[in-house]
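Participant: Take a look at the following structure, please.
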Amino acid sequence: PLLREPVASVAAAAGSGARHAIVAPAAAQAAVATLAPGVEFVRDEGAGIYAALNRGARRVAGDWDALTWINDDDRLAAGFPAVLAALRARPETGVAYGRVGLIDGRGVRTGALPVARRGDDLPALLARGIVPLAQPGTVISRAAWERGGGMDESYRLAGDLDFFVRALMTGVRFDFVDAEVAEFRLRAGQLSKSQAEGDREKARALVPLAEVRPAAAAAWRFRLGNLGVYAERVRRHGFVSMRDVYARTN
């Protein structure tokens, strides 16, 4: 029901030079063609979201140089061109990322996700169990995607985190861009609210960072850099955790 919003947001933010594919069950092809004319359709074989992403990346042939993805109810934001431009301007960068807002089921803003403002801090923050970036706010170069071998299809919820950890461990450079790149929707029944399973997969994804020193300085920079995010959360929801915001928002 919400598919028109992400399709329109991709058209507005990514521009005419982008190729947009929707991976969906074969039964949805006619509906996708009606809702999103001109968008490439890739048949989902039902093996999970990360298998669908790999299939999409393989099926969009040609000389594409970067990719990202959003769920069928999320939106790209006005800052997306800035993060894409930053990636293309810095050949040494494998992943460029920015800020991600939160919206509810009606599309109304309900906060933002905290994000690290220094790419060099990512390993130390992840070693502390802090997830310092959100996938909808990222753009991944083709070289980084292929170097990492795409997504690990054994994951159900944390495959994007696993990919970023593997990329960091192989020396891929991450650069932050101070722009709101996407909006992530919180609503009832979504996979992101499966907390116990998500925690197990997160712990598994972070295993390669077990020997990384969780530097306190990186954590302080993260907290100071997100004072505005925390203030907005308190203003909208009171003194609650990010997990509480996920659980409450529909």
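Chain labels run A, B, ... following the order of the structure tokens; each chain numbers its residues from 1, and ligands are numbered from 1 in the order shown.
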If you take only C-alpha atoms and a cut-off of 6 Å, which residues of segment 108-166 of chain A touch segment 218-226 of chain A, and what are their nearest atom pairs and distances in Å to one decimal, in chain and number order, as JSON lines?

Facilitator:
{"residue": "A:Pro114", "atom": "CA", "partner": "A:Asn226", "partner_atom": "CA", "distance": 5.7}
{"residue": "A:Ala116", "atom": "CA", "partner": "A:Phe222", "partner_atom": "CA", "distance": 5.4}
{"residue": "A:Asp121", "atom": "CA", "partner": "A:Ala218", "partner_atom": "CA", "distance": 5.5}

Participant: Could you turn the residues from that selection into a file that holds C-alpha atoms, as an mmCIF file, in the first residue's frame?

Facilitator:
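out35.cif, freshly written:
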data_model
loop_
_atom_site.group_PDB
_atom_site.id
_atom_site.type_symbol
_atom_site.label_atom_id
_atom_site.label_comp_id
_atom_site.auth_asym_id
_atom_site.auth_seq_id
_atom_site.Cartn_x
_atom_site.Cartn_y
_atom_site.Cartn_z
ATOM 1 C CA PRO A 114 22.204 8.315 15.882
ATOM 2 C CA ALA A 116 28.954 8.333 13.815
ATOM 3 C CA ASP A 121 35.368 5.541 14.582
#

Participant: As a ChimeraX atom specification, please: the residues near Ala167 of chain A (cut-off 12 Å, only C-alpha atoms, same-chain neighbours under 6 positions excluded).

Facilitator: /A:93-95,122-123,140-141,143-151,160-161,173-174,205,208-209

Participant: Filtering to C-alpha atoms, could you give me those residues as a PDB file, in the first residue's frame?

Facilitator:
ATOM      1  CA  THR A  93      35.910   5.692  -0.431  1.00  0.00           C
ATOM      2  CA  GLY A  94      33.999   2.410  -0.520  1.00  0.00           C
ATOM      3  CA  VAL A  95      30.946   3.415   1.510  1.00  0.00           C
ATOM      4  CA  LEU A 122      33.149   2.774  13.185  1.00  0.00           C
ATOM      5  CA  PRO A 123      35.248  -0.262  14.242  1.00  0.00           C
ATOM      6  CA  ILE A 140      28.155   1.404  -1.539  1.00  0.00           C
ATOM      7  CA  SER A 141      30.632   1.502  -4.402  1.00  0.00           C
ATOM      8  CA  ALA A 143      34.189  -2.203  -5.892  1.00  0.00           C
ATOM      9  CA  ALA A 144      33.294  -2.450  -2.187  1.00  0.00           C
ATOM     10  CA  TRP A 145      30.188  -4.535  -2.946  1.00  0.00           C
ATOM     11  CA  GLU A 146      32.112  -7.019  -5.061  1.00  0.00           C
ATOM     12  CA  ARG A 147      35.067  -7.075  -2.670  1.00  0.00           C
ATOM     13  CA  GLY A 148      32.706  -8.113   0.117  1.00  0.00           C
ATOM     14  CA  GLY A 149      30.922 -10.684  -2.037  1.00  0.00           C
ATOM     15  CA  GLY A 150      27.522  -9.068  -1.530  1.00  0.00           C
ATOM     16  CA  MET A 151      25.214 -10.129   1.292  1.00  0.00           C
ATOM     17  CA  ASP A 160      23.611  -5.312   6.305  1.00  0.00           C
ATOM     18  CA  LEU A 161      25.545  -5.035   9.586  1.00  0.00           C
ATOM     19  CA  ARG A 173      36.960   3.257   3.747  1.00  0.00           C
ATOM     20  CA  PHE A 174      33.729   4.730   5.145  1.00  0.00           C
ATOM     21  CA  ALA A 205      27.910 -10.177  12.882  1.00  0.00           C
ATOM     22  CA  PRO A 208      35.161 -10.414  13.642  1.00  0.00           C
ATOM     23  CA  LEU A 209      35.646  -7.238  15.718  1.00  0.00           C
TER      24      LEU A 209
END

Participant: What's the 12 Å shell around Leu3 of chain A, counting only C-alpha atoms, without same-chain residues fewer than 5 positions away, as a list in words?

Facilitator: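 Residues meeting the cut-off are Ala8, Ser9, Val10, Ile22, Ala24, Ala28, Ala31, Val32, Ala33, Thr34, Leu35, Ala36, Ile70, Asn71, Asp72, Asp73, Asp74 and Arg75 of chain A.
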
Participant: Residues of segment 61-102 of chain A within 9 Å of segment 42-57 of chain A: nearest atom pair and distance (Å, one decimal) for each, counting only C-alpha atoms, sorted by chain and number, as a Markdown table?

Facilitator:
| residue | atom | partner | partner_atom | distance |
| --- | --- | --- | --- | --- |
| A:Ala61 | CA | A:Ala57 | CA | 7.8 |
| A:Leu67 | CA | A:Ala57 | CA | 8.2 |
| A:Trp69 | CA | A:Leu53 | CA | 8.1 |

Participant: With distances taken over only C-alpha atoms, which of A:Arg109, A:Arg128, A:Arg248, A:Arg90 is nearest to Phe176 of chain A?

Facilitator: A:Arg90

Participant: Using only C-alpha atoms, determine which residues lie at most 12 Å from Gln135 of chain A, disregarding the query and same-chain residues fewer than 3 positions distant; provide the list as a PyMOL selection string.

Facilitator: chain A and resi 67-71+74+76+95-101+113+115+131-132+138-140+157-164+181-184

Participant: Need the shell around Arg106 of chain A: protein/DNA/RNA residues with any atom at most 10 Å away, counting only C-alpha atoms. Skip same-chain ones fewer than 4 positions apart. Format as a PDB file with N, CA and C atoms, in the first residue's frame?

Facilitator:
ATOM      1  N   LEU A   2       2.072   1.197   0.519  1.00  0.00           N
ATOM      2  CA  LEU A   2       2.918   2.377   0.624  1.00  0.00           C
ATOM      3  C   LEU A   2       3.936   2.488  -0.503  1.00  0.00           C
ATOM      4  N   ARG A 185      10.911   3.880   8.153  1.00  0.00           N
ATOM      5  CA  ARG A 185       9.559   3.860   8.712  1.00  0.00           C
ATOM      6  C   ARG A 185       9.428   2.799   9.806  1.00  0.00           C
ATOM      7  N   LEU A 186       8.859   3.200  10.924  1.00  0.00           N
ATOM      8  CA  LEU A 186       8.550   2.284  12.020  1.00  0.00           C
ATOM      9  C   LEU A 186       7.052   2.018  12.010  1.00  0.00           C
ATOM     10  N   ARG A 187       6.694   0.739  11.946  1.00  0.00           N
ATOM     11  CA  ARG A 187       5.275   0.383  12.000  1.00  0.00           C
ATOM     12  C   ARG A 187       5.124  -1.034  12.525  1.00  0.00           C
ATOM     13  N   ASN A 250       3.999   3.158  15.618  1.00  0.00           N
ATOM     14  CA  ASN A 250       3.207   2.405  14.658  1.00  0.00           C
ATOM     15  C   ASN A 250       2.825   3.307  13.484  1.00  0.00           C
TER      16      ASN A 250
END

Participant: Enumerate the residues of segment 121-250 of chain A with a DSSP assignment of helix (DSSP H, G or I), computed from the backbone, and present them as JSON, numbers by chain.

Facilitator: {"A": [121, 122, 123, 124, 125, 126, 127, 135, 136, 137, 142, 143, 144, 145, 146, 147, 148, 159, 160, 161, 162, 163, 164, 165, 166, 167, 168, 169, 191, 192, 193, 195, 196, 197, 198, 199, 200, 201, 202, 203, 204, 205, 207, 208, 209, 216, 217, 218, 219, 220, 221, 222, 223, 224, 225, 227, 228, 229, 230, 231, 232, 233, 234, 235, 236, 237, 242, 243, 244, 245, 246, 247, 248]}

Participant: When you look at Gly38 of chain A with a cut-off of 10 Å (counting only C-alpha atoms), what residues show up, excluding the ones that are within fewer than 6 positions of it in the same chain? I need them as a ChimeraX atom specification.

Facilitator: /A:19-21,32
